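Chemist: The structure follows.
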Amino acid sequence: MKVSLNWIRQFIDFDLPSTDELVERISSQLGAIEEIVETGKKYEGALIVKVVECVSHENSDHLNVCKVDDGGKAQNVERDENGLVQIVCGAPNVHAGMLAVWLPPGATVPSTADRDPFVLEARPLRGVVSNGMMASPKELAIGEGHEGLLEVDKDVAPGTPFAEAYRMDDCIIDIENKMFTHRPDCFGALGVAREIAGILGQQFTSPDWYKTTPDFPGVEVEELRLEVQNELPELVPRFIAITLRDVAVKPSPVWLQATLARVGQKPINNIVDLTNFYMLVTGQPLHAYDYDKVATGKLGVRNARNGEKLALLNGKTIELNDADIVITDGEKAIGLGGVMGGSETEVSSETKNIILECATFDMYTIRRTSMRHGLFTDAVTRFTKGQSPLQNLAVLAKIVDDMRKLAGGKVAGHVVDVNHVSAETLERGSAYAPVQVTTEFINARLGLQLSADEMAQLLKNVEFDVSQNGDELTVKAPFWRTDIEIPEDVVEEVGRLYGYDHLPLELPQRDITPAPKDELIEAKAEIRKRLAKAGANEVLTYSFVHGNLLDKVGQDKAQAYRLDNALSPDLQYFRPSLLPGLLDKVHANLKAGYGEFALFELGKIHDKDFKLDEEGLPAEDEVTTLVIATDDRHAPEGAPFYAAREYLEALFGQQLEYEPFEAERQAYQAANVWQLGRAARINLHDDFVGTIGEFRPSIIKALKLPKFCAGFEIETQAYINALAYRQYMPLPRFPKVTQDITLKVDAGKTYGEVLAALDRAIGENAIGQTQTRLEPLDIFQPAEDASHKNFTFRLRIASYERTLTDAEVAKLLDQAAAELQQKLGAERV
Amino acid sequence: MSYQNQQIADVATLLKNRFGELENKADILKAVELRALYGQLPTLPQEQRSEFGQAINALKAELERLVAEHEEAAEALPPIDITAPFDVNVPADKRPALLPSENGTVHPLSRELETVLDIFYRMGFTAVESRELDDDWHMFSSLNFPEGHPARDDYDTFMTKETDKNGNRLIAPAHTSTMQNRVLQKYKGNLENGKPIAVLLPGRVFRNEDLDARHEHTFHQFEGVYVDKGIHAGNLLATFKTFLSEYYQQDIEIKSQPFYFPFTEPSFELALSCPFCHKKGCNICSHTGWIELLGMGMIHPNVLKMAGIDSNEFTGFAWGCGLERLVMMKYGIEDIRHFHSANLNFLRQFA
């Protein structure tokens, strides 16, 4: 929202503080400022001059040589004996006696000031010296007109600076629109002026025309019939219109063009400019139709029909949607209500009779229409904030008054006011019932000690109606405010007007009860530390994956929640496992020159197989996933499975159990990536922990993974559960004995079976209370005998009761070996 | 797989039998019979074409699957003993080992979040992670967004095809505020016991935006919620100022600007004095000495009411702060996309 300080000054009766101070106050009490532009700079040196003499240039068929009177103001310029300055001018409208704008040597052409400034000088044009130039509206950056000079339409003395005459010595403050999301009134200069007065602690008084119920002039000429039919009372609560006859469409007076130009609005013609002007004053968009192009003399309001077409003012034709609001001529659409007018009924230089519309549209409907068609107009900006339907009459009356003065229009009908605002609201003259609130309520929420009088004054400054009863305030918001409904809204108003920078910076008081820690967050932090310590790198990948990636790893898209509206084609499904995302990042890191690495991620997964939680929402499963990858050069010997297992044990120690992985899908989509025979289901005391394994050959190929690559995905909760199993064993006082045992078994027997049997046998034959540890030393399969395997274990054993002898331990191992011989056919070697 | 069309069913049987005998299994995809079926397609009456075409495609897909399964089986490595701690015949010094500790890293966002969590924990806040798949009620209704509010449209928020029990599409939350109602409900017992609700809500949030160096569709926030008797806006500003001063290990000044959120009243946007140049002006603060950081406000009474908390008796505040911004400013990270790149060149700098 661009705010002209000169414009603000017209509504206030006190002096504004310095721009720096004002900017500080605005940003702390009104909203963030995007930009501050001093418009006067552009016009430095530009003077209004009187063309005293104008004769044809002897070497040209279109140039004139002029002598101008600048009141002697310009310095360092060549003058004739009468003090006049010579300028060569090619504009067709230049003539003696006119007032024009002169850019003397040294001045910059304002339209070029922002980029690539063009500085004028005194130089000959076809042999005659021209001291600078006289400027067109376009060169002065106040319009598009380039056919002739800007004709000064105001009686000012030659030599008056142009900026001063038309208040271009202005400062434009651009306040972020989003600060005014709930403040439709602040989309007009009047509203911002009021707000500035409020934050400066000054009383503001709106102009009479805005605050009093207006009288429209009676019908002055032959009537132009107008009928309005509103089929959408909910979405268009107020629709008022009036007809004017015999308007003269022409360029606006310079002051109006200049005012619009300062806040970035392009002047078009007096009719359109006035509608824009009052929109910029009050925040209320207005629209003018060429009456004679609305053949029926009717305006209708209805929803568009699907597929209905409408040619807009911007030259584009759009296909409408049945949720759009259109203005019709009783039959066909002639305007997109609240968004943009139609080209068919546009006001043009031939227009004689007009309809002025001042309506209120539903903010959400306008926003959707705007987004749907990509139309972001000034009207949209305002209607989407929810303009009050209580200001329409005042605004229309004021613009009619100005139209009569500036365009010579005559009122050609009574105001048509199709009013669906509730009688209660109209009666009250305020969007909501007055709010009752106590000073204590307000002070408690702001941490302040303001008196009822102080609060009332702050509110009255911005024209609230406040009645006091001791510490009780009854606050009635003025008709333009749509945001004051509950006591907290008054708190905001008082706090902001008083200044939030005055709030006491006090920390909340609480007792010293410790804040409980969150188990999951703590566990995740610990997992990160452990895996990072084990040389792995934590990564974050997106929560969404492409269907192709799921296809590549064999995960079922139908089981994944699917995004419906992502802008990016890469984001299709909520990830049902973290594995695809991690695998997708392996190749790039190998290519970047990392020969061996482990990537891990902690995150949430979603799968339609998971049951709904107690809120009825898809359960979110928190998993920890790791992938190791090593290029051929760095790969250790054996299967990569065991490398992934090392990382798993970095988290869990050696308490996990591994079960061969079955072909059917288990618990997770994750399981679909594993190669059968080289993957395992992980359990901890019969609870499911997760799965671990090597990847199927097709995945290795599709994602360009190295041969030495494996991973796991586990329930993060399993890590928390495992903590419960950590326990301390007292240390035996007696020395330990270490002995090895090698068992030769059938190649079909697993390490797990042998270890379990051996552990049991040692336990059963133990010599009193002992502490034992069995460590794997070696697994060996002789090349010449594929049907057997040798497992070598090291037993470390110590008694809690006495010193064990080597012979006792040797005997123990002999007994255990005998039992394994019997149970597994193991042979001790 | 059975085929309705007899002709296609016959070809399917024929080709599947032949598949068993083929030396090069992929050749089955080049079978003349299959090509003949495709050739037949244009000769069929218009109304039969679509169904016939789909059936041939299904047959082709089935054959491709057979070939892929065969290839997969052919390339599969022999099974291993998954119960063993290491592979057979691999000497101890050739077995896989963990990588050196100095290679290991925690993600900079995780690390920073742990720092933030620690500060708020010391200030008395417990923490709960936010959800990544949520519903319309928590995203909008519980936060005082009226029905029909444009934020409920899907322009900025990711939504799923699947719906919740009310028939609304599920949502990838655009802010951690979706958790407010949950923690207010969960901890409202505190209030009855004369203790505050003080919770930090870290989590991943999403905006349906195109990516560039400054915009991500996936990022992280930490939401703070504090409710008790007599909590006022000055408490909010002081709490965040205290956090910032501890986080930056220096006295930080703050500036608040009025703002608007449906779920807080009043609402603020907070700027902090630049901790990198001490307000002298630098690139990080765009030479203004101030950095706009986050939105916050006093929790709207409707939000408290929806969680069953009496808004006349208790008041509270909430904020939502982006995590990426803090980390990018701290390290001078130039491109927000690095965070989700899993690029070791990036990650290993945070050892």
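For the structure tokens, the naming scheme is as follows: chains receive sequential letters (A, B, ...) according to their order of presentation, residues are indexed from 1 within each chain, and ligands are indexed from 1 in presentation order.
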Show me, as a ChimeraX atom specification, the residues that have an atom within 6 Å of A:Lys744 when counting only C-alpha atoms, minus same-chain residues fewer than 4 positions from it.

Modeler: /A:789-790,826-827

Chemist: Can you list, as a count of residues only, all residues belonging to stretch 251-438 of chain A that DSSP tags as alpha helix (DSSP H)?

Modeler: 60

Chemist: What lies within 12 Å of B:His340 using only C-alpha atoms, ignoring chain neighbours under 5 positions off, as number ranges by chain?

Modeler: A: 538-544, 581-582, 585, 601; B: 107-109, 204, 211, 216-220, 324, 335, 346-347

Chemist: Where in stretch 86-303 of chain B does DSSP assign strand (DSSP E), given as a PyMOL selection string?

Modeler: chain B and resi 126-127+158-163+169-172+197-206+218-229+254-261+264-273+290-299

Chemist: List as a list in words the protein and nucleic acid residues near A:Leu140, meaning an atom at most 9 Å away when only C-alpha atoms are counted, but skip any in the same chain fewer than 2 places from it.

Modeler: Lys42, Tyr43, Val101, Val109, Pro110, Ser111, Ala135, Ser136, Pro137, Lys138, Ile142, Gly143 and Leu150 of chain A

Chemist: Hey, can you spit out that residue selection with C-alpha atoms as a compact mmCIF listing (two decimals), in the first residue's frame?

Modeler:
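The resulting selection.txt:
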# COMPACT_ATOMS: atom_id res chain seq x y z
CA LYS A 42 12.99 13.53 -9.71
CA TYR A 43 11.68 17.01 -10.33
CA VAL A 101 6.95 22.66 -17.53
CA VAL A 109 14.23 14.03 -17.47
CA PRO A 110 12.01 12.64 -14.63
CA SER A 111 10.89 9.57 -16.60
CA ALA A 135 8.17 18.27 -21.14
CA SER A 136 5.24 15.99 -21.96
CA PRO A 137 3.25 14.13 -19.27
CA LYS A 138 5.20 11.00 -20.15
CA ILE A 142 2.82 11.32 -14.62
CA GLY A 143 1.11 9.70 -17.57
CA LEU A 150 1.84 18.99 -20.36

Chemist: Rank nothing, just name the residue among A:Ala412, A:Ile720, A:Met179, A:Leu590 nearest to chain B, using only C-alpha atoms.

Modeler: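 Checking each candidate against chain B, we get A:Met179 as the closest.
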
Chemist: What's the 12 Å shell around A:Leu758, counting only C-alpha atoms, without same-chain residues fewer than 6 positions away, as an MDAnalysis selection string?

Modeler: chainID A and resid 741:743 751:752 764:766 772:776 791:795 812:824 826 828

Chemist: Measuring atom to atom with only C-alpha atoms, identify which of A:Ala431, A:Leu446, A:Val462, A:Ala423 is nearest to chain B.

Modeler: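 Of A:Ala431, A:Leu446, A:Val462, A:Ala423, the one nearest chain B is A:Leu446, counting only C-alpha atoms.
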
Chemist: Within 9 Å of stretch 168-183 of chain B, counting only C-alpha atoms, which residues qualify if same-chain residues fewer than 2 places away don't, as a PDB file with C-alpha atoms, in the first residue's frame?

Modeler:
ATOM      1  CA  LEU A 563      -0.321 -35.516  -3.060  1.00  0.00           C
ATOM      2  CA  ASP A 564      -3.089 -33.963  -5.027  1.00  0.00           C
ATOM      3  CA  LEU A 617      -5.487 -39.839  11.438  1.00  0.00           C
TER       4      LEU A 617
ATOM      5  CA  VAL B 128       6.635 -32.440  21.271  1.00  0.00           C
ATOM      6  CA  GLU B 129       7.387 -33.048  17.594  1.00  0.00           C
ATOM      7  CA  SER B 130       4.757 -31.982  15.108  1.00  0.00           C
ATOM      8  CA  ARG B 131       3.014 -34.255  12.626  1.00  0.00           C
ATOM      9  CA  GLU B 132       3.772 -34.362   8.908  1.00  0.00           C
ATOM     10  CA  LEU B 133       0.373 -35.575   7.765  1.00  0.00           C
ATOM     11  CA  ASP B 134      -2.513 -33.805   9.411  1.00  0.00           C
ATOM     12  CA  ASP B 135      -6.131 -32.844   8.944  1.00  0.00           C
ATOM     13  CA  ASP B 136      -8.082 -29.791   7.999  1.00  0.00           C
ATOM     14  CA  TRP B 137      -9.363 -29.339  11.542  1.00  0.00           C
ATOM     15  CA  HIS B 138      -5.946 -28.980  13.127  1.00  0.00           C
ATOM     16  CA  MET B 139      -4.556 -26.926  10.263  1.00  0.00           C
ATOM     17  CA  PHE B 140      -7.460 -24.474  10.061  1.00  0.00           C
ATOM     18  CA  SER B 142      -8.703 -25.253  15.525  1.00  0.00           C
ATOM     19  CA  LEU B 143      -6.708 -22.133  14.650  1.00  0.00           C
ATOM     20  CA  ASP B 156      -0.216 -22.875  -0.760  1.00  0.00           C
ATOM     21  CA  THR B 157      -0.834 -26.067   1.154  1.00  0.00           C
ATOM     22  CA  PHE B 158      -0.071 -29.590   0.014  1.00  0.00           C
ATOM     23  CA  MET B 159      -3.093 -31.825   0.214  1.00  0.00           C
ATOM     24  CA  THR B 160      -3.530 -35.510  -0.458  1.00  0.00           C
ATOM     25  CA  LYS B 161      -6.005 -37.385  -2.590  1.00  0.00           C
ATOM     26  CA  GLU B 162      -6.961 -39.326   0.514  1.00  0.00           C
ATOM     27  CA  THR B 163      -9.464 -37.756   2.883  1.00  0.00           C
ATOM     28  CA  ASP B 164     -10.096 -37.715   6.609  1.00  0.00           C
ATOM     29  CA  LYS B 165     -13.210 -38.943   8.374  1.00  0.00           C
ATOM     30  CA  ASN B 166     -15.038 -35.742   7.438  1.00  0.00           C
ATOM     31  CA  GLN B 185      -5.558 -30.218  25.388  1.00  0.00           C
ATOM     32  CA  LYS B 186      -2.788 -32.529  26.501  1.00  0.00           C
ATOM     33  CA  TYR B 187      -1.408 -30.165  29.109  1.00  0.00           C
ATOM     34  CA  LYS B 188      -4.454 -28.230  30.221  1.00  0.00           C
ATOM     35  CA  ILE B 197       1.517 -24.938  29.784  1.00  0.00           C
ATOM     36  CA  VAL B 199       5.696 -26.475  25.160  1.00  0.00           C
ATOM     37  CA  LEU B 201       6.830 -27.835  19.004  1.00  0.00           C
ATOM     38  CA  PRO B 202       9.570 -28.491  16.505  1.00  0.00           C
ATOM     39  CA  GLY B 203       8.741 -30.029  13.168  1.00  0.00           C
ATOM     40  CA  ARG B 204       8.877 -30.214   9.453  1.00  0.00           C
ATOM     41  CA  VAL B 205       6.464 -27.991   7.531  1.00  0.00           C
ATOM     42  CA  PHE B 206       5.591 -27.610   3.892  1.00  0.00           C
ATOM     43  CA  ARG B 207       4.600 -24.909   1.389  1.00  0.00           C
ATOM     44  CA  ASN B 208       3.591 -25.674  -2.121  1.00  0.00           C
ATOM     45  CA  HIS B 220      11.452 -26.588   9.741  1.00  0.00           C
ATOM     46  CA  GLN B 221       9.856 -24.501  12.437  1.00  0.00           C
ATOM     47  CA  PHE B 222       9.747 -24.473  16.179  1.00  0.00           C
ATOM     48  CA  GLU B 223       6.513 -23.323  17.658  1.00  0.00           C
ATOM     49  CA  GLY B 224       6.296 -22.164  21.228  1.00  0.00           C
ATOM     50  CA  VAL B 225       3.142 -22.228  23.334  1.00  0.00           C
ATOM     51  CA  PHE B 263      -4.958 -17.521  15.584  1.00  0.00           C
ATOM     52  CA  VAL B 303      -8.123 -21.159  19.998  1.00  0.00           C
ATOM     53  CA  LEU B 304      -8.052 -21.522  23.783  1.00  0.00           C
ATOM     54  CA  MET B 306     -11.535 -24.878  21.263  1.00  0.00           C
ATOM     55  CA  ALA B 307      -9.056 -26.648  23.508  1.00  0.00           C
ATOM     56  CA  ALA B 318       2.597 -18.578  20.788  1.00  0.00           C
ATOM     57  CA  TRP B 319       5.210 -18.120  18.125  1.00  0.00           C
ATOM     58  CA  GLY B 320       6.434 -19.965  15.047  1.00  0.00           C
TER      59      GLY B 320
END

Chemist: May I ask which of the residues A:Glu58, A:Glu319, A:Glu176, A:Glu346 is the closest one to chain B, counting only C-alpha atoms?

Modeler: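 When distances to chain B are compared using only C-alpha atoms, the smallest one comes from A:Glu176.
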
Chemist: Pick out the closest residue to B:Lys60 from this set: B:Lys229, B:Gln7, B:Gly281, B:Leu15. Count only C-alpha atoms.

Modeler: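 Smallest separation from B:Lys60 among the options: B:Leu15.
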
Chemist: So that I can see what lies close to A:Ile199, please list as a PyMOL selection string the residues with an atom at most 7 Å from it, counting only C-alpha atoms and leaving out residues fewer than 3 positions away in the same chain.

Modeler: chain A and resi 29+195-196+497-498

Chemist: Just how far from atom CA of A:Phe383 is atom CA of A:Asn461, in Å to one decimal?

Modeler: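 About the pair atom CA of A:Asn461 and atom CA of A:Phe383: they are 26.0 Å apart.
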
Chemist: Taking only C-alpha atoms into account, which of B:Ser101, B:Thr43, B:Ser273, B:Thr315 comes nearest chain A?

Modeler: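 Nearest to chain A: B:Ser101.
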
Chemist: Give the answer as one residue: which of A:Cys171, A:Val689, A:Ala241, A:Leu505 has the shortest atom-to-atom distance to B:Lys241, using only C-alpha atoms?

Modeler: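 For B:Lys241, the nearest of the given residues is A:Leu505.
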
Chemist: Between atom CA of A:Val51 and atom CA of A:Leu120, what is the distance in Å, rounded to a tenth?

Modeler: 19.1 Å
